[in-house]
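For reference, final-v9.pdb (PDB, C-alpha atoms):
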```
ATOM      1  CA  MET A   1       0.000   0.000   0.000
ATOM      2  CA  ASN A   2       1.269   3.463  -0.876
ATOM      3  CA  LYS A   3       0.933   6.535   1.347
ATOM      4  CA  LYS A   4      -2.381   7.573  -0.194
ATOM      5  CA  GLU A   5      -3.833   4.104   0.327
ATOM      6  CA  LEU A   6      -2.577   4.014   3.923
ATOM      7  CA  THR A   7      -4.201   7.383   4.592
ATOM      8  CA  GLU A   8      -7.485   6.112   3.159
ATOM      9  CA  ALA A   9      -7.194   2.978   5.291
ATOM     10  CA  LEU A  10      -6.552   5.064   8.400
ATOM     11  CA  ASN A  11      -9.562   7.299   7.752
ATOM     12  CA  PHE A  12     -11.726   4.229   7.245
ATOM     13  CA  ALA A  13     -10.447   2.720  10.503
ATOM     14  CA  ILE A  14     -11.102   5.966  12.378
ATOM     15  CA  GLU A  15     -14.726   5.918  11.218
ATOM     16  CA  LEU A  16     -15.039   2.319  12.389
ATOM     17  CA  SER A  17     -13.547   3.105  15.800
ATOM     18  CA  GLN A  18     -16.046   5.919  16.306
ATOM     19  CA  LYS A  19     -18.959   3.695  15.324
ATOM     20  CA  ALA A  20     -17.695   1.033  17.718
ATOM     21  CA  GLY A  21     -17.282   3.698  20.400
ATOM     22  CA  LYS A  22     -20.909   4.750  20.080
ATOM     23  CA  LEU A  23     -21.921   1.115  20.491
ATOM     24  CA  LEU A  24     -19.822   0.816  23.649
ATOM     25  CA  LEU A  25     -21.334   3.971  25.105
ATOM     26  CA  LYS A  26     -24.825   2.629  24.409
ATOM     27  CA  TYR A  27     -24.101  -0.602  26.251
ATOM     28  CA  GLN A  28     -22.419   1.203  29.125
ATOM     29  CA  LYS A  29     -25.749   2.833  29.958
ATOM     30  CA  LYS A  30     -27.091  -0.629  30.873
ATOM     31  CA  LEU A  31     -24.092  -2.292  32.501
ATOM     32  CA  ASN A  32     -26.208  -4.271  34.945
ATOM     33  CA  SER A  33     -27.760  -6.254  32.099
ATOM     34  CA  LEU A  34     -24.568  -6.975  30.136
ATOM     35  CA  LYS A  35     -23.623 -10.624  29.700
ATOM     36  CA  ILE A  36     -20.121 -11.219  31.083
ATOM     37  CA  THR A  37     -17.846 -14.176  30.309
ATOM     38  CA  VAL A  38     -14.508 -15.114  31.861
ATOM     39  CA  LYS A  39     -11.628 -15.659  29.413
ATOM     40  CA  ASP A  40      -8.882 -18.163  30.071
ATOM     41  CA  ALA A  41      -6.407 -16.284  32.283
ATOM     42  CA  GLN A  42      -7.213 -13.065  30.456
ATOM     43  CA  GLY A  43      -9.879 -11.418  32.575
ATOM     44  CA  VAL A  44     -13.406 -10.834  31.312
ATOM     45  CA  ALA A  45     -15.287 -10.087  28.128
ATOM     46  CA  SER A  46     -18.756  -8.688  27.669
ATOM     47  CA  LYS A  47     -21.415  -8.512  25.001
ATOM     48  CA  ALA A  48     -20.133  -4.998  24.328
ATOM     49  CA  ASP A  49     -16.628  -6.336  23.496
ATOM     50  CA  ILE A  50     -18.020  -8.936  21.136
ATOM     51  CA  GLU A  51     -20.454  -6.706  19.258
ATOM     52  CA  SER A  52     -17.895  -3.909  18.944
ATOM     53  CA  GLU A  53     -15.384  -6.395  17.533
ATOM     54  CA  ASN A  54     -17.902  -7.885  15.094
ATOM     55  CA  LEU A  55     -18.796  -4.430  13.790
ATOM     56  CA  ILE A  56     -15.138  -3.654  13.044
ATOM     57  CA  ILE A  57     -14.265  -7.073  11.606
ATOM     58  CA  GLU A  58     -17.226  -7.226   9.243
ATOM     59  CA  ALA A  59     -16.442  -3.790   7.813
ATOM     60  CA  LEU A  60     -12.716  -4.514   7.393
ATOM     61  CA  GLU A  61     -13.266  -7.913   5.783
ATOM     62  CA  LYS A  62     -15.712  -6.353   3.332
ATOM     63  CA  LYS A  63     -13.387  -3.488   2.357
ATOM     64  CA  TYR A  64     -10.098  -5.436   2.528
ATOM     65  CA  PRO A  65     -10.970  -9.086   1.819
ATOM     66  CA  GLU A  66      -7.336  -9.913   1.013
ATOM     67  CA  HIS A  67      -6.130  -8.788   4.466
ATOM     68  CA  GLU A  68      -5.901 -10.922   7.605
ATOM     69  CA  VAL A  69      -7.705  -9.780  10.755
ATOM     70  CA  LEU A  70      -6.428 -10.532  14.261
ATOM     71  CA  ALA A  71      -8.922  -9.583  16.953
ATOM     72  CA  GLU A  72      -8.996 -10.477  20.619
ATOM     73  CA  GLU A  73     -12.322 -12.280  21.012
ATOM     74  CA  LYS A  74     -12.089 -13.873  17.562
ATOM     75  CA  ALA A  75      -8.587 -15.206  18.251
ATOM     76  CA  PHE A  76      -9.536 -16.825  21.557
ATOM     77  CA  LYS A  77     -12.470 -18.545  19.914
ATOM     78  CA  GLN A  78     -10.600 -19.526  16.731
ATOM     79  CA  PHE A  79      -7.509 -20.878  18.500
ATOM     80  CA  LYS A  80      -9.403 -22.270  21.508
ATOM     81  CA  GLY A  81      -7.922 -20.192  24.306
ATOM     82  CA  LYS A  82      -4.577 -18.918  25.441
ATOM     83  CA  LYS A  83      -2.638 -22.192  25.042
ATOM     84  CA  ASN A  84      -2.610 -21.885  21.252
ATOM     85  CA  MET A  85      -1.907 -18.154  21.036
ATOM     86  CA  ALA A  86       1.759 -18.671  20.113
ATOM     87  CA  ALA A  87       0.696 -20.406  16.904
ATOM     88  CA  ALA A  88      -1.800 -17.635  16.213
ATOM     89  CA  TYR A  89       0.801 -14.915  16.675
ATOM     90  CA  GLU A  90       3.260 -16.686  14.387
ATOM     91  CA  HIS A  91       0.611 -16.934  11.684
ATOM     92  CA  TYR A  92      -0.511 -13.309  11.860
ATOM     93  CA  ALA A  93       2.989 -11.862  12.291
ATOM     94  CA  SER A  94       3.980 -13.419   8.964
ATOM     95  CA  ALA A  95       0.962 -12.042   7.077
ATOM     96  CA  GLU A  96       1.690  -9.397   4.461
ATOM     97  CA  TRP A  97      -1.202  -7.255   5.690
ATOM     98  CA  CYS A  98      -3.010  -7.814   8.958
ATOM     99  CA  TRP A  99      -5.473  -5.675  10.882
ATOM    100  CA  VAL A 100      -4.897  -5.982  14.638
ATOM    101  CA  ILE A 101      -7.911  -5.014  16.728
ATOM    102  CA  ASP A 102      -8.876  -4.557  20.333
ATOM    103  CA  PRO A 103     -12.568  -3.574  20.376
ATOM    104  CA  LEU A 104     -12.401  -2.602  24.053
ATOM    105  CA  ASP A 105      -9.054  -2.140  25.749
ATOM    106  CA  GLY A 106      -9.781  -1.697  29.452
ATOM    107  CA  THR A 107     -12.795  -3.978  29.886
ATOM    108  CA  ASN A 108     -12.598  -4.011  33.675
ATOM    109  CA  ASN A 109     -12.644  -0.209  33.716
ATOM    110  CA  TYR A 110     -15.579  -0.199  31.324
ATOM    111  CA  LEU A 111     -17.603  -2.639  33.415
ATOM    112  CA  ASN A 112     -17.058  -0.502  36.505
ATOM    113  CA  ALA A 113     -18.059   2.711  34.738
ATOM    114  CA  PHE A 114     -14.493   4.038  34.911
ATOM    115  CA  ASN A 115     -14.020   6.170  31.823
ATOM    116  CA  TYR A 116     -10.565   4.910  30.865
ATOM    117  CA  TYR A 117     -10.905   2.503  27.946
ATOM    118  CA  GLY A 118     -10.385   2.647  24.213
ATOM    119  CA  VAL A 119     -10.938   1.118  20.784
ATOM    120  CA  CYS A 120      -7.662   0.115  19.098
ATOM    121  CA  ILE A 121      -7.084  -0.597  15.405
ATOM    122  CA  SER A 122      -3.728  -1.125  13.703
ATOM    123  CA  LEU A 123      -2.537  -2.364  10.329
ATOM    124  CA  THR A 124       0.663  -4.399  10.225
ATOM    125  CA  HIS A 125       2.910  -5.267   7.282
ATOM    126  CA  PHE A 126       4.729  -8.557   7.951
ATOM    127  CA  GLY A 127       4.221  -7.989  11.673
ATOM    128  CA  LYS A 128       5.309  -4.335  11.798
ATOM    129  CA  PRO A 129       2.655  -1.643  12.419
ATOM    130  CA  VAL A 130       2.323   0.866   9.585
ATOM    131  CA  LEU A 131      -0.678   2.705  11.006
ATOM    132  CA  GLY A 132      -2.524   2.765  14.283
ATOM    133  CA  LEU A 133      -5.275   4.573  16.117
ATOM    134  CA  VAL A 134      -6.731   4.582  19.601
ATOM    135  CA  PHE A 135     -10.143   6.168  20.181
ATOM    136  CA  ARG A 136     -11.434   6.974  23.678
ATOM    137  CA  PRO A 137     -15.251   6.923  23.396
ATOM    138  CA  GLY A 138     -15.995   8.553  26.739
ATOM    139  CA  THR A 139     -14.122  11.757  25.889
ATOM    140  CA  GLY A 140     -14.017  11.650  22.106
ATOM    141  CA  GLU A 141     -10.207  11.791  22.150
ATOM    142  CA  LEU A 142      -8.391  10.251  19.209
ATOM    143  CA  PHE A 143      -4.728   9.359  18.796
ATOM    144  CA  TYR A 144      -3.357   8.132  15.463
ATOM    145  CA  ALA A 145      -0.231   7.719  13.372
ATOM    146  CA  ILE A 146       1.024   6.494  10.013
ATOM    147  CA  LYS A 147       4.601   5.258   9.767
ATOM    148  CA  GLY A 148       6.825   8.180   8.853
ATOM    149  CA  GLY A 149       4.007  10.688   9.206
ATOM    150  CA  GLY A 150       4.241  11.689  12.853
ATOM    151  CA  ALA A 151       1.698  11.214  15.638
ATOM    152  CA  LYS A 152      -1.559  13.149  15.873
ATOM    153  CA  TYR A 153      -4.038  13.914  18.634
ATOM    154  CA  VAL A 154      -7.624  15.126  18.335
ATOM    155  CA  PRO A 155      -9.097  16.333  21.673
ATOM    156  CA  SER A 156     -12.625  15.330  20.653
ATOM    157  CA  GLU A 157     -14.588  14.221  17.604
ATOM    158  CA  THR A 158     -15.120  17.876  16.691
ATOM    159  CA  GLY A 159     -11.679  19.128  17.780
ATOM    160  CA  ARG A 160      -8.693  20.279  15.748
ATOM    161  CA  VAL A 161      -5.894  17.882  14.832
ATOM    162  CA  GLN A 162      -2.698  18.475  16.801
ATOM    163  CA  SER A 163       0.768  17.034  16.232
ATOM    164  CA  ILE A 164       2.293  15.450  19.326
ATOM    165  CA  PHE A 165       5.953  14.873  20.093
ATOM    166  CA  SER A 166       7.376  14.018  23.506
ATOM    167  CA  GLY A 167      10.850  12.852  22.542
ATOM    168  CA  LYS A 168      12.792  15.963  23.526
ATOM    169  CA  GLY A 169      13.447  17.869  26.717
ATOM    170  CA  LYS A 170      15.558  17.277  29.785
ATOM    171  CA  LEU A 171      14.091  14.963  32.373
ATOM    172  CA  LYS A 172      15.499  13.048  35.296
ATOM    173  CA  LEU A 173      13.955   9.790  36.417
ATOM    174  CA  ARG A 174      13.421  11.180  39.916
ATOM    175  CA  ASP A 175      11.027  13.763  38.407
ATOM    176  CA  ALA A 176       9.144  11.322  36.177
ATOM    177  CA  LEU A 177       5.539  10.165  36.517
ATOM    178  CA  LEU A 178       5.226   6.660  35.064
ATOM    179  CA  VAL A 179       2.426   4.227  34.350
ATOM    180  CA  THR A 180       2.333   0.419  34.178
ATOM    181  CA  GLY A 181       0.239  -2.717  34.484
ATOM    182  CA  PHE A 182       0.650  -6.267  35.736
ATOM    183  CA  VAL A 183       0.104  -9.654  34.116
ATOM    184  CA  SER A 184      -3.339 -11.147  34.693
ATOM    185  CA  GLU A 185      -2.097 -14.377  36.200
ATOM    186  CA  LYS A 186      -0.768 -14.371  39.732
ATOM    187  CA  GLY A 187       2.412 -16.386  40.222
ATOM    188  CA  VAL A 188       6.063 -16.176  39.210
ATOM    189  CA  TYR A 189       5.653 -13.551  36.488
ATOM    190  CA  PHE A 190       3.375 -11.425  38.632
ATOM    191  CA  ASP A 191       5.836 -11.557  41.520
ATOM    192  CA  LYS A 192       8.677 -10.590  39.188
ATOM    193  CA  GLU A 193       6.735  -7.630  37.821
ATOM    194  CA  PHE A 194       5.691  -6.481  41.257
ATOM    195  CA  SER A 195       9.283  -6.700  42.444
ATOM    196  CA  PHE A 196      10.377  -4.424  39.616
ATOM    197  CA  PHE A 197       7.464  -2.098  40.363
ATOM    198  CA  LYS A 198       8.768  -1.629  43.897
ATOM    199  CA  LYS A 199      12.291  -1.125  42.572
ATOM    200  CA  ILE A 200      11.388   1.599  40.090
ATOM    201  CA  MET A 201       9.141   3.346  42.619
ATOM    202  CA  LYS A 202      12.294   4.213  44.564
ATOM    203  CA  HIS A 203      13.742   6.098  41.593
ATOM    204  CA  CYS A 204      10.797   8.116  40.218
ATOM    205  CA  ARG A 205       8.211  10.627  41.423
ATOM    206  CA  GLY A 206       5.330   8.196  41.109
ATOM    207  CA  VAL A 207       3.779   5.271  39.264
ATOM    208  CA  ARG A 208       0.146   4.882  38.235
ATOM    209  CA  ARG A 209      -1.796   1.772  37.213
ATOM    210  CA  THR A 210      -4.845   2.723  35.217
ATOM    211  CA  GLY A 211      -6.028  -0.426  33.425
ATOM    212  CA  SER A 212      -5.649   0.317  29.703
ATOM    213  CA  ALA A 213      -2.227  -0.273  28.161
ATOM    214  CA  ALA A 214      -3.287   1.380  24.901
ATOM    215  CA  LEU A 215      -4.369   4.634  26.524
ATOM    216  CA  ASP A 216      -1.364   4.559  28.847
ATOM    217  CA  LEU A 217       0.945   4.429  25.827
ATOM    218  CA  CYS A 218      -0.963   7.181  24.031
ATOM    219  CA  TYR A 219      -0.614   9.474  27.024
ATOM    220  CA  VAL A 220       3.103   8.741  27.084
ATOM    221  CA  ALA A 221       3.127   9.854  23.442
ATOM    222  CA  SER A 222       1.336  13.089  24.332
ATOM    223  CA  GLY A 223       3.502  13.745  27.391
ATOM    224  CA  VAL A 224       0.977  13.161  30.191
ATOM    225  CA  TRP A 225       2.984  10.160  31.400
ATOM    226  CA  ASP A 226       6.760   9.970  31.024
ATOM    227  CA  GLY A 227       6.997   6.226  30.447
ATOM    228  CA  PHE A 228       5.256   2.850  30.450
ATOM    229  CA  TRP A 229       6.294  -0.770  30.836
ATOM    230  CA  GLU A 230       4.488  -4.105  31.011
ATOM    231  CA  THR A 231       4.882  -7.763  30.114
ATOM    232  CA  GLY A 232       2.334 -10.391  29.131
ATOM    233  CA  LEU A 233       0.406  -8.124  26.784
ATOM    234  CA  SER A 234      -1.053  -9.145  23.411
ATOM    235  CA  PRO A 235      -0.577  -7.619  19.935
ATOM    236  CA  TRP A 236      -4.006  -5.979  20.052
ATOM    237  CA  ASP A 237      -3.023  -4.171  23.269
ATOM    238  CA  VAL A 238       0.098  -2.502  21.870
ATOM    239  CA  ALA A 239       0.211  -2.520  18.050
ATOM    240  CA  ALA A 240      -1.731   0.716  17.521
ATOM    241  CA  ALA A 241      -0.413   2.621  20.532
ATOM    242  CA  GLY A 242       3.138   1.405  19.903
ATOM    243  CA  ILE A 243       3.427   3.083  16.511
ATOM    244  CA  ILE A 244       1.780   6.216  17.919
ATOM    245  CA  CYS A 245       4.520   6.354  20.553
ATOM    246  CA  GLN A 246       7.264   5.774  18.000
ATOM    247  CA  GLU A 247       5.969   8.531  15.737
ATOM    248  CA  ALA A 248       5.802  10.855  18.761
ATOM    249  CA  GLY A 249       9.509  10.344  19.424
ATOM    250  CA  VAL A 250       9.108   7.937  22.328
ATOM    251  CA  VAL A 251      11.696   5.136  22.484
ATOM    252  CA  VAL A 252       9.869   1.789  22.319
ATOM    253  CA  SER A 253      11.472  -1.628  22.769
ATOM    254  CA  ASP A 254      11.136  -4.835  24.728
ATOM    255  CA  TYR A 255      12.739  -5.308  28.149
ATOM    256  CA  LYS A 256      15.998  -6.407  26.520
ATOM    257  CA  GLY A 257      16.239  -3.327  24.331
ATOM    258  CA  ARG A 258      15.216  -5.041  21.107
ATOM    259  CA  GLU A 259      13.148  -3.272  18.461
ATOM    260  CA  PHE A 260       9.440  -2.894  19.231
ATOM    261  CA  ASP A 261       7.489  -5.962  18.190
ATOM    262  CA  PRO A 262       3.734  -6.049  18.914
ATOM    263  CA  PHE A 263       3.953  -9.853  18.925
ATOM    264  CA  GLY A 264       6.711  -9.819  21.552
ATOM    265  CA  LYS A 265       6.460 -10.652  25.245
ATOM    266  CA  SER A 266       7.242  -7.263  26.778
ATOM    267  CA  ILE A 267       7.204  -3.550  26.037
ATOM    268  CA  MET A 268       8.829  -0.457  27.502
ATOM    269  CA  ALA A 269       8.108   3.004  26.137
ATOM    270  CA  PHE A 270       9.877   6.013  27.621
ATOM    271  CA  ARG A 271      10.576   9.578  26.632
ATOM    272  CA  LYS A 272      14.024   9.709  25.078
ATOM    273  CA  PRO A 273      15.763  11.445  28.016
ATOM    274  CA  LEU A 274      14.521   8.684  30.351
ATOM    275  CA  TYR A 275      15.019   5.558  28.279
ATOM    276  CA  LYS A 276      18.676   4.921  29.141
ATOM    277  CA  GLN A 277      18.083   5.780  32.792
ATOM    278  CA  VAL A 278      15.269   3.235  33.089
ATOM    279  CA  SER A 279      16.810   0.511  30.916
ATOM    280  CA  ARG A 280      19.635   0.188  33.428
ATOM    281  CA  LEU A 281      17.082  -0.971  35.998
ATOM    282  CA  PHE A 282      15.685  -3.832  33.888
TER     283      PHE A 282
END
```
How would this structure read if it were set down as structure tokens?
Amino acid sequence: MNKKELTEALNFAIELSQKAGKLLLKYQKKLNSLKITVKDAQGVASKADIESENLIIEALEKKYPEHEVLAEEKAFKQFKGKKNMAAAYEHYASAEWCWVIDPLDGTNNYLNAFNYYGVCISLTHFGKPVLGLVFRPGTGELFYAIKGGGAKYVPSETGRVQSIFSGKGKLKLRDALLVTGFVSEKGVYFDKEFSFFKKIMKHCRGVRRTGSAALDLCYVASGVWDGFWETGLSPWDVAAAGIICQEAGVVVSDYKGREFDPFGKSIMAFRKPLYKQVSRLF
């Protein structure tokens, strides 16, 4: 796809995210009646997740029938739970073009009427994001980026487009406000993450845990947070927000400093002045 085609694809995806957002807002008005299901070691899903995902998938498959689509609820059903996700990731990471979708990032927040959740859509080319967007239905905020085109922020559906860049400036870790999350499963990995959480708390001004990796990353891109880290996430959690961070000048990698890979096992995204300071702690 050339730049014009990518721009058209992004605009189409933005429209879909806003339609899905309206659906989520409609269901949030009747939370008490929503059907909730428990996913294998991955928290919960609701009727809102499923219908939002179906809306996006159906539209993408109709417009781009030659593209693959990787979506959270669809993947768990298609590959019969978490145990087979490695095979799923390998398949989709090797696809020439693949749409990676999270219809509702921050389900627990959503189900508790906490307005911190988003709709995430990204397009990958052989596993590398070339465009991504995150839409926050409750506020109308939109973050998006195309590879090589910079990161953009729209305060609301009727707001003006703003360029965002948080890669410059002088900042010490002791003055930084960071954000993170923990793996869903309690056990060795959780203990390891929590141990690092306590370690980094000693070196920064504060750490927040807000429940939506996608929005966390977008607010790192816009400069609200100074950095984010987490392990155990899925491609649909980070593909869209990851490229937004990169285009905003944020340094994004895995815990070992390797190039950002949405199909990888970990992610750290920090403003450039902080990256080296934090990487020494991993």
Around (-3.2, 10.4, 15.9), as given in the file, which residues come within 10 Å? Count only C-alpha atoms and list them as a ChimeraX atom specification. /A:10,14,131-135,141-146,149-154,161-164,218,221-222,240-241,243-245,247-248
Item to complete: Point out the residue among A:Lys170, A:Arg160, A:Lys202, A:Lys19 with the least atom-to-atom distance to A:Arg136, counting all atoms listed in the file.
Response: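 That would be A:Lys19, the residue with the smallest distance to A:Arg136.
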Exercise for the section: Write out as a PyMOL selection string which residues come within 12 Å of A:Phe228 when counting all atoms listed in the file, dropping same-chain ones fewer than 6 positions away. Expected result: chain A and resi 176-182+197+200+206-210+212-221+238+241-242+245+250-255+266-271+274-275+278-279
Take the selection from the previous step and output its residues with C-alpha atoms, as a PDB file, in the coordinates of the input.
```
ATOM      1  CA  ALA A 176       9.144  11.322  36.177  1.00  0.00           C
ATOM      2  CA  LEU A 177       5.539  10.165  36.517  1.00  0.00           C
ATOM      3  CA  LEU A 178       5.226   6.660  35.064  1.00  0.00           C
ATOM      4  CA  VAL A 179       2.426   4.227  34.350  1.00  0.00           C
ATOM      5  CA  THR A 180       2.333   0.419  34.178  1.00  0.00           C
ATOM      6  CA  GLY A 181       0.239  -2.717  34.484  1.00  0.00           C
ATOM      7  CA  PHE A 182       0.650  -6.267  35.736  1.00  0.00           C
ATOM      8  CA  PHE A 197       7.464  -2.098  40.363  1.00  0.00           C
ATOM      9  CA  ILE A 200      11.388   1.599  40.090  1.00  0.00           C
ATOM     10  CA  GLY A 206       5.330   8.196  41.109  1.00  0.00           C
ATOM     11  CA  VAL A 207       3.779   5.271  39.264  1.00  0.00           C
ATOM     12  CA  ARG A 208       0.146   4.882  38.235  1.00  0.00           C
ATOM     13  CA  ARG A 209      -1.796   1.772  37.213  1.00  0.00           C
ATOM     14  CA  THR A 210      -4.845   2.723  35.217  1.00  0.00           C
ATOM     15  CA  SER A 212      -5.649   0.317  29.703  1.00  0.00           C
ATOM     16  CA  ALA A 213      -2.227  -0.273  28.161  1.00  0.00           C
ATOM     17  CA  ALA A 214      -3.287   1.380  24.901  1.00  0.00           C
ATOM     18  CA  LEU A 215      -4.369   4.634  26.524  1.00  0.00           C
ATOM     19  CA  ASP A 216      -1.364   4.559  28.847  1.00  0.00           C
ATOM     20  CA  LEU A 217       0.945   4.429  25.827  1.00  0.00           C
ATOM     21  CA  CYS A 218      -0.963   7.181  24.031  1.00  0.00           C
ATOM     22  CA  TYR A 219      -0.614   9.474  27.024  1.00  0.00           C
ATOM     23  CA  VAL A 220       3.103   8.741  27.084  1.00  0.00           C
ATOM     24  CA  ALA A 221       3.127   9.854  23.442  1.00  0.00           C
ATOM     25  CA  VAL A 238       0.098  -2.502  21.870  1.00  0.00           C
ATOM     26  CA  ALA A 241      -0.413   2.621  20.532  1.00  0.00           C
ATOM     27  CA  GLY A 242       3.138   1.405  19.903  1.00  0.00           C
ATOM     28  CA  CYS A 245       4.520   6.354  20.553  1.00  0.00           C
ATOM     29  CA  VAL A 250       9.108   7.937  22.328  1.00  0.00           C
ATOM     30  CA  VAL A 251      11.696   5.136  22.484  1.00  0.00           C
ATOM     31  CA  VAL A 252       9.869   1.789  22.319  1.00  0.00           C
ATOM     32  CA  SER A 253      11.472  -1.628  22.769  1.00  0.00           C
ATOM     33  CA  ASP A 254      11.136  -4.835  24.728  1.00  0.00           C
ATOM     34  CA  TYR A 255      12.739  -5.308  28.149  1.00  0.00           C
ATOM     35  CA  SER A 266       7.242  -7.263  26.778  1.00  0.00           C
ATOM     36  CA  ILE A 267       7.204  -3.550  26.037  1.00  0.00           C
ATOM     37  CA  MET A 268       8.829  -0.457  27.502  1.00  0.00           C
ATOM     38  CA  ALA A 269       8.108   3.004  26.137  1.00  0.00           C
ATOM     39  CA  PHE A 270       9.877   6.013  27.621  1.00  0.00           C
ATOM     40  CA  ARG A 271      10.576   9.578  26.632  1.00  0.00           C
ATOM     41  CA  LEU A 274      14.521   8.684  30.351  1.00  0.00           C
ATOM     42  CA  TYR A 275      15.019   5.558  28.279  1.00  0.00           C
ATOM     43  CA  VAL A 278      15.269   3.235  33.089  1.00  0.00           C
ATOM     44  CA  SER A 279      16.810   0.511  30.916  1.00  0.00           C
TER      45      SER A 279
END
```
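Of the listed residues (A:Lys22, A:Lys47, A:Lys74, A:His67), A:Lys47 comes nearest to A:Thr107; the distances count all atoms listed in the file.
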d(atom CA of A:Pro65, atom CA of A:Tyr89) in Å
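Taking atom CA of A:Pro65 as the start and atom CA of A:Tyr89 as the end point, the length is 19.8 Å.
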Separating atom CA of A:Ala48 from atom CA of A:Pro235, to the nearest tenth of an Å, is a gap of 20.2 Å
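Of the listed residues A:Gly223, A:Pro129, A:Gly140, A:Gly211, the one whose atoms come nearest to A:Asn109 is A:Gly211, with distances taken using all atoms listed in the file.
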Which residue gives the smallest distance to A:Asp102 among A:Glu90, A:Asp237, A:Glu8, A:Asp175, with all atoms listed in the file counted?
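Closest residue, counting all atoms listed in the file: A:Asp237.
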Atomic separation - atom CA of A:Glu96 relative to atom CA of A:Gly257, Å: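 Those two atoms sit 25.4 Å apart.
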Applying the PyMOL selection byres ((chain A and resi 91) around 12) to the file I just gave you, which residues come out? Please list them as a PyMOL selection string. chain A and resi 68-70+75+79+84-90+92-98+126-127+263
Just to be explicit: take each residue in the selection above, keep C-alpha atoms, and write the result as a compact mmCIF listing (two decimals), in the frame of the given file.
```txt
# COMPACT_ATOMS: atom_id res chain seq x y z
CA GLU A 68 -5.90 -10.92 7.60
CA VAL A 69 -7.70 -9.78 10.76
CA LEU A 70 -6.43 -10.53 14.26
CA ALA A 75 -8.59 -15.21 18.25
CA PHE A 79 -7.51 -20.88 18.50
CA ASN A 84 -2.61 -21.88 21.25
CA MET A 85 -1.91 -18.15 21.04
CA ALA A 86 1.76 -18.67 20.11
CA ALA A 87 0.70 -20.41 16.90
CA ALA A 88 -1.80 -17.64 16.21
CA TYR A 89 0.80 -14.92 16.68
CA GLU A 90 3.26 -16.69 14.39
CA TYR A 92 -0.51 -13.31 11.86
CA ALA A 93 2.99 -11.86 12.29
CA SER A 94 3.98 -13.42 8.96
CA ALA A 95 0.96 -12.04 7.08
CA GLU A 96 1.69 -9.40 4.46
CA TRP A 97 -1.20 -7.26 5.69
CA CYS A 98 -3.01 -7.81 8.96
CA PHE A 126 4.73 -8.56 7.95
CA GLY A 127 4.22 -7.99 11.67
CA PHE A 263 3.95 -9.85 18.92
```
Checklist entry - Any chance you could work out the residue set of the PyMOL selection byres ((chain A and resi 30) around 12) here, as a PyMOL selection string? => result chain A and resi 23-29+31-35+47-48+110-113
Can you write out the residues you just picked, keeping C-alpha atoms, as a short mmCIF file (atom, residue, chain, number, x, y, z; two decimals), in the coordinates of the input?
```
data_model
loop_
_atom_site.label_atom_id
_atom_site.label_comp_id
_atom_site.auth_asym_id
_atom_site.auth_seq_id
_atom_site.Cartn_x
_atom_site.Cartn_y
_atom_site.Cartn_z
CA LEU A 23 -21.92 1.12 20.49
CA LEU A 24 -19.82 0.82 23.65
CA LEU A 25 -21.33 3.97 25.10
CA LYS A 26 -24.82 2.63 24.41
CA TYR A 27 -24.10 -0.60 26.25
CA GLN A 28 -22.42 1.20 29.12
CA LYS A 29 -25.75 2.83 29.96
CA LEU A 31 -24.09 -2.29 32.50
CA ASN A 32 -26.21 -4.27 34.94
CA SER A 33 -27.76 -6.25 32.10
CA LEU A 34 -24.57 -6.98 30.14
CA LYS A 35 -23.62 -10.62 29.70
CA LYS A 47 -21.42 -8.51 25.00
CA ALA A 48 -20.13 -5.00 24.33
CA TYR A 110 -15.58 -0.20 31.32
CA LEU A 111 -17.60 -2.64 33.42
CA ASN A 112 -17.06 -0.50 36.51
CA ALA A 113 -18.06 2.71 34.74
#
```
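Nearest to A:Arg174 of all the residues A:Asn11, A:Gln277, A:Ser52, A:Ser46 is A:Gln277, counting all atoms listed in the file.
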- Query: With all atoms listed in the file as the atoms that count, which of A:Leu6, A:Leu233, A:Ile101, A:Val130 lies nearest to A:Asp49?
  - Reply: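 Answer, going by the shortest atom-to-atom distance: A:Ile101.
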Enclose stretch 221-237 of chain A, meaning all of its atoms listed in the file, in a box aligned along x, y and z, pad it by 8 Å on each side, and list the centre and edge lengths in Å to one decimal, as lines of an AutoDock Vina configuration file.
```
center_x = 1.5
center_y = 1.7
center_z = 25.7
size_x = 27.0
size_y = 40.1
size_z = 27.5
```
Target residues per the PyMOL selection byres ((chain A and resi 55) around 10), formatted as a list in words: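 This file, filtered by the PyMOL selection byres ((chain A and resi 55) around 10), leaves Leu16, Ser17, Lys19, Ala20, Leu23, Ile50, Glu51, Ser52, Glu53, Asn54, Ile56, Ile57, Glu58, Ala59, Leu60 and Pro103 of chain A.
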